[in-house]
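> I have a structure I would like to understand better, so I am pasting it below and will then ask my questions one at a time.
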Amino acid sequence: GKCFRLYTREVHKMMDDVTVPEIQRSNLSSVVLQLKALGIHDVIGFEFLDRPDPLLLIDAIKHLFALGALDEDGRITELGTQMSAFPLEPSFSRMLVASVDLRCSDEMLTLLAMMSLENLFYRPPDRKAQELAHTRLAELFLRIDTDLARWLTGDHFMYLYIYEQWLRNDCSAGWCKERFIHAKQMNEARDIRQQLEEIMVQQKLDVISSTRDKSTKYERLAKSVCHGLYTNIARHVKQQPDKRKLHKKPKGEEAAEADEDMPSRAVDFTYHISHKGVMAMVHPGSGLMFTQKPPPECLVYTELVHATRVFIREVCSIRPEWVEELHAKRATMNVDRLLGYTVQEVLERANPVVEEVIPERQQEEETALLQKLSQKHTTDDAAEAARKRYLERKAQQQAAKKRK
């Protein structure tokens, strides 16, 4: 069918004539990694159909270096080649490769499959049902949260717990319905997990379960997550809660919408994101809102959401010393060497100086334009003269008929 959208004149004037190409407004890390894996080393000089923002391109290359996918000369590493084999964001594929060394890759496969889902929970329309959904979500989170160390908490462990419980209940759609979980999404997670596992076998990466060592199972999983998301770090900021700004408890999954209400208990979940220079709050749809533990000192997050406030989604607590170890690599970064160009050269390539039009050439173009306009006027005059002649003949014919 067809969809017709109505806008006011003012809003329509504010719109772009054409949609901005996705490559010019999205994260380029995956694009750069795939180009490097194909043997295209000079990504800066690559002829894109729609050239992306050079600053986004620089950020993507720096990010891949931080993940270990590129060496100091900007060439793809063995780790980067392994990462490029997975249909995942580089941060996620880095988590998966790190989990092999930390001996928890089986659990990481499950976690990444669950993180790939768009809408795991659904929000019922009825108010009472929303309150029940809210309670069920809290129960799911607290059952796993109480088994974790005091400093350890986060959404990732809840995702893993949900998938494991779903399997133990024979992948029951009824079990999902009782907990307001989309059964189709769980089936999709199983398919994604199987696909990722097949790729791991092709890449000769071991699928190792950490169930034999439950005491450190979740800590190793958190450290694997940190390897991929350590650039998305947020540190807790202790503030006096403002009672006027406290919100109600989230109801149902969409506690999910970013501008939904916050829980009413006086616990401050405000975090500082230093590399972006912003203050953010844990998203209301996060299971962390139900924890009985103190707010974690240090978190990594999957997504930054800009709504009525700035929120961080899919959070996981980590130890600060893990980040310090990983940040040591970034301190050795030589940006010019990594890019193969100076930053100034990159910017100049993206915005070449337009040569001035030669005066003689400009005169020729203006003369040609005037001739076209003159021809147009001549054509218009001829059409008007023909019209007058036609009207005169028609008037003469009518006068002749009246005489008869």
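Residues are referred to by chain and number: the chain letter is A, B, ... according to the order shown in the structure tokens, the number counts from 1 in that chain, and ligands are numbered separately from 1 in the order shown.
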Mind the document's chain letters and residue numbers, and return as a VMD selection string the residues of segment 142-256 of chain A that DSSP labels helix (DSSP H, G or I).
chain A and resid 142 to 145 155 to 168 173 to 178 183 to 202 214 to 229 243 to 245
> May I ask for the distance between atom CA of Leu304 of chain A and atom CA of Leu142 of chain A, given in Å to one decimal place?
24.4 Å
> Please indicate the distance in Å from atom CA of Glu345 of chain A to atom CA of Lys329 of chain A, rounded to one decimal place.
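Going from atom CA of Glu345 of chain A over to atom CA of Lys329 of chain A covers 25.1 Å.
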> Please indicate the distance in Å from atom CA of Tyr341 of chain A to atom CA of Leu49 of chain A, rounded to one decimal place.
21.1 Å
> List every residue of segment 151-232 of chain A that has an atom at most 10 Å from any atom of segment 55-71 of chain A, and for each one report the closest atom pair and its distance in Å to one decimal, counting only C-alpha atoms, with rows sorted by chain and then by increasing residue number, as a tab-separated table.

residue	atom	partner	partner_atom	distance
A:His227	CA	A:Leu67	CA	7.5
A:Gly228	CA	A:Leu67	CA	6.8
A:Leu229	CA	A:Leu67	CA	9.0
A:Tyr230	CA	A:Leu67	CA	9.0
A:Thr231	CA	A:Ala66	CA	8.2
> Emit the selected residues as a PDB file, in the first residue's frame, including N, CA, C and O atoms.

ATOM      1  N   HIS A 227      36.052  -6.231  27.989  1.00  0.00           N
ATOM      2  CA  HIS A 227      36.999  -6.188  26.868  1.00  0.00           C
ATOM      3  C   HIS A 227      36.388  -5.534  25.632  1.00  0.00           C
ATOM      4  O   HIS A 227      37.098  -4.882  24.858  1.00  0.00           O
ATOM      5  N   GLY A 228      35.092  -5.709  25.446  1.00  0.00           N
ATOM      6  CA  GLY A 228      34.460  -5.134  24.269  1.00  0.00           C
ATOM      7  C   GLY A 228      33.878  -3.752  24.492  1.00  0.00           C
ATOM      8  O   GLY A 228      33.794  -2.951  23.560  1.00  0.00           O
ATOM      9  N   LEU A 229      33.493  -3.458  25.733  1.00  0.00           N
ATOM     10  CA  LEU A 229      32.778  -2.204  26.009  1.00  0.00           C
ATOM     11  C   LEU A 229      33.543  -1.250  26.931  1.00  0.00           C
ATOM     12  O   LEU A 229      32.953  -0.297  27.434  1.00  0.00           O
ATOM     13  N   TYR A 230      34.835  -1.494  27.146  1.00  0.00           N
ATOM     14  CA  TYR A 230      35.537  -0.666  28.122  1.00  0.00           C
ATOM     15  C   TYR A 230      35.657   0.802  27.689  1.00  0.00           C
ATOM     16  O   TYR A 230      35.892   1.689  28.521  1.00  0.00           O
ATOM     17  N   THR A 231      35.464   1.064  26.399  1.00  0.00           N
ATOM     18  CA  THR A 231      35.453   2.468  25.971  1.00  0.00           C
ATOM     19  C   THR A 231      34.142   3.151  26.382  1.00  0.00           C
ATOM     20  O   THR A 231      34.060   4.376  26.396  1.00  0.00           O
TER      21      THR A 231
END
> May I have the residues within 7 Å of Ser93 of chain A as an mmCIF file with C-alpha atoms, in the first residue's frame, using only C-alpha atoms and disregarding those fewer than 5 positions away in the same chain?

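Written output follows (selection.cif):
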data_model
loop_
_atom_site.group_PDB
_atom_site.id
_atom_site.type_symbol
_atom_site.label_atom_id
_atom_site.label_comp_id
_atom_site.auth_asym_id
_atom_site.auth_seq_id
_atom_site.Cartn_x
_atom_site.Cartn_y
_atom_site.Cartn_z
ATOM 1 C CA MET A 83 36.409 -10.469 14.762
ATOM 2 C CA PHE A 86 31.204 -12.561 12.955
ATOM 3 C CA LEU A 88 28.340 -8.469 14.978
#
> Within 6 Å of Ile312 of chain A, counting only C-alpha atoms, which residues show up once you throw out same-chain ones fewer than 5 positions away? Write them as a list of chain:residue names, please.
A:Val282, A:His283, A:Glu303, A:Leu304
> Grab the residues selected above and save them as a compact mmCIF listing (two decimals), in the first residue's frame with C-alpha atoms.

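The result, written out as again-v9.txt:
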# COMPACT_ATOMS: atom_id res chain seq x y z
CA VAL A 282 20.70 4.18 34.26
CA HIS A 283 17.76 3.51 31.94
CA GLU A 303 23.97 2.16 24.35
CA LEU A 304 23.66 5.86 25.15
> For the strand (DSSP E or B) assignment from backbone DSSP, which residues of segment 155-345 of chain A qualify? Please present them as a ChimeraX atom specification.
/A:181,233-236,270-273,278-282,298-306,310-317
> Point out the residue among A:Met279, A:Thr110, A:Asp147, A:Lys402 with the least atom-to-atom distance to Ile192 of chain A, counting only C-alpha atoms.
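When distances to Ile192 of chain A are compared using only C-alpha atoms, the smallest one comes from A:Thr110.
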> Restrict the calculation to only C-alpha atoms, then for each residue of segment 168-247 of chain A with any atom at most 10 Å from an atom of segment 154-160 of chain A give the closest atom pair and their distance in Å to one decimal, rows by chain and rising residue number, as a Markdown table.

| residue | atom | partner | partner_atom | distance |
| --- | --- | --- | --- | --- |
| A:Tyr218 | CA | A:Phe157 | CA | 7.5 |
| A:Leu221 | CA | A:Phe157 | CA | 8.7 |
| A:Ala222 | CA | A:His156 | CA | 8.4 |
| A:Val225 | CA | A:His156 | CA | 8.9 |
> Write out as a list of chain:residue names the residues lying within 6 Å of segment 290-299 of chain A, counting only C-alpha atoms and excluding same-chain residues fewer than 3 positions away.
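Neighbouring residues, sequence-local ones excluded: A:Ala138, A:Ile233, A:Ala234, A:Arg235, A:His236, A:Gly287, A:Cys316, A:Ser317, A:Ile318.
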> So that I have them on file, write out the residues from the current selection with all heavy atoms, as an mmCIF file, in the first residue's frame.

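New file again.cif:
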data_model
loop_
_atom_site.group_PDB
_atom_site.id
_atom_site.type_symbol
_atom_site.label_atom_id
_atom_site.label_comp_id
_atom_site.auth_asym_id
_atom_site.auth_seq_id
_atom_site.Cartn_x
_atom_site.Cartn_y
_atom_site.Cartn_z
ATOM 1 N N ALA A 138 11.091 -7.817 38.035
ATOM 2 C CA ALA A 138 11.870 -7.695 39.269
ATOM 3 C C ALA A 138 12.265 -9.066 39.800
ATOM 4 O O ALA A 138 13.399 -9.273 40.260
ATOM 5 C CB ALA A 138 11.060 -6.920 40.310
ATOM 6 N N ILE A 233 32.613 3.482 29.357
ATOM 7 C CA ILE A 233 32.684 3.370 30.809
ATOM 8 C C ILE A 233 31.965 4.543 31.471
ATOM 9 O O ILE A 233 31.978 5.670 30.972
ATOM 10 C CB ILE A 233 34.155 3.313 31.279
ATOM 11 C CG1 ILE A 233 34.217 3.094 32.789
ATOM 12 C CG2 ILE A 233 34.929 4.553 30.880
ATOM 13 C CD1 ILE A 233 35.616 2.843 33.310
ATOM 14 N N ALA A 234 31.317 4.254 32.581
ATOM 15 C CA ALA A 234 30.611 5.280 33.351
ATOM 16 C C ALA A 234 30.934 5.079 34.829
ATOM 17 O O ALA A 234 30.894 3.950 35.320
ATOM 18 C CB ALA A 234 29.107 5.181 33.110
ATOM 19 N N ARG A 235 31.251 6.166 35.505
ATOM 20 C CA ARG A 235 31.604 6.094 36.925
ATOM 21 C C ARG A 235 30.525 6.766 37.769
ATOM 22 O O ARG A 235 30.003 7.817 37.396
ATOM 23 C CB ARG A 235 32.965 6.753 37.173
ATOM 24 C CG ARG A 235 34.101 6.059 36.424
ATOM 25 C CD ARG A 235 35.453 6.683 36.733
ATOM 26 N NE ARG A 235 36.512 6.069 35.948
ATOM 27 C CZ ARG A 235 37.166 4.963 36.299
ATOM 28 N NH1 ARG A 235 36.856 4.361 37.441
ATOM 29 N NH2 ARG A 235 38.128 4.470 35.538
ATOM 30 N N HIS A 236 30.231 6.142 38.891
ATOM 31 C CA HIS A 236 29.145 6.622 39.740
ATOM 32 C C HIS A 236 29.473 7.973 40.362
ATOM 33 O O HIS A 236 30.607 8.222 40.776
ATOM 34 C CB HIS A 236 28.860 5.598 40.849
ATOM 35 C CG HIS A 236 27.682 5.956 41.694
ATOM 36 N ND1 HIS A 236 27.774 6.226 43.043
ATOM 37 C CD2 HIS A 236 26.377 6.117 41.371
ATOM 38 C CE1 HIS A 236 26.583 6.520 43.518
ATOM 39 N NE2 HIS A 236 25.714 6.460 42.541
ATOM 40 N N GLY A 287 17.331 -3.808 34.647
ATOM 41 C CA GLY A 287 17.096 -4.607 35.847
ATOM 42 C C GLY A 287 17.827 -4.060 37.053
ATOM 43 O O GLY A 287 17.473 -4.364 38.198
ATOM 44 N N CYS A 316 26.528 -3.183 32.961
ATOM 45 C CA CYS A 316 27.181 -4.289 33.667
ATOM 46 C C CYS A 316 28.274 -3.702 34.552
ATOM 47 O O CYS A 316 29.089 -2.894 34.094
ATOM 48 C CB CYS A 316 27.769 -5.270 32.663
ATOM 49 S SG CYS A 316 28.708 -6.627 33.414
ATOM 50 N N SER A 317 28.283 -4.076 35.821
ATOM 51 C CA SER A 317 29.312 -3.566 36.736
ATOM 52 C C SER A 317 30.649 -4.261 36.457
ATOM 53 O O SER A 317 30.689 -5.444 36.110
ATOM 54 C CB SER A 317 28.903 -3.801 38.193
ATOM 55 O OG SER A 317 28.723 -5.190 38.438
ATOM 56 N N ILE A 318 31.721 -3.521 36.597
ATOM 57 C CA ILE A 318 33.071 -4.042 36.376
ATOM 58 C C ILE A 318 33.995 -3.507 37.457
ATOM 59 O O ILE A 318 33.631 -2.619 38.221
ATOM 60 C CB ILE A 318 33.620 -3.630 34.994
ATOM 61 C CG1 ILE A 318 33.661 -2.098 34.885
ATOM 62 C CG2 ILE A 318 32.804 -4.229 33.872
ATOM 63 C CD1 ILE A 318 34.419 -1.601 33.678
#
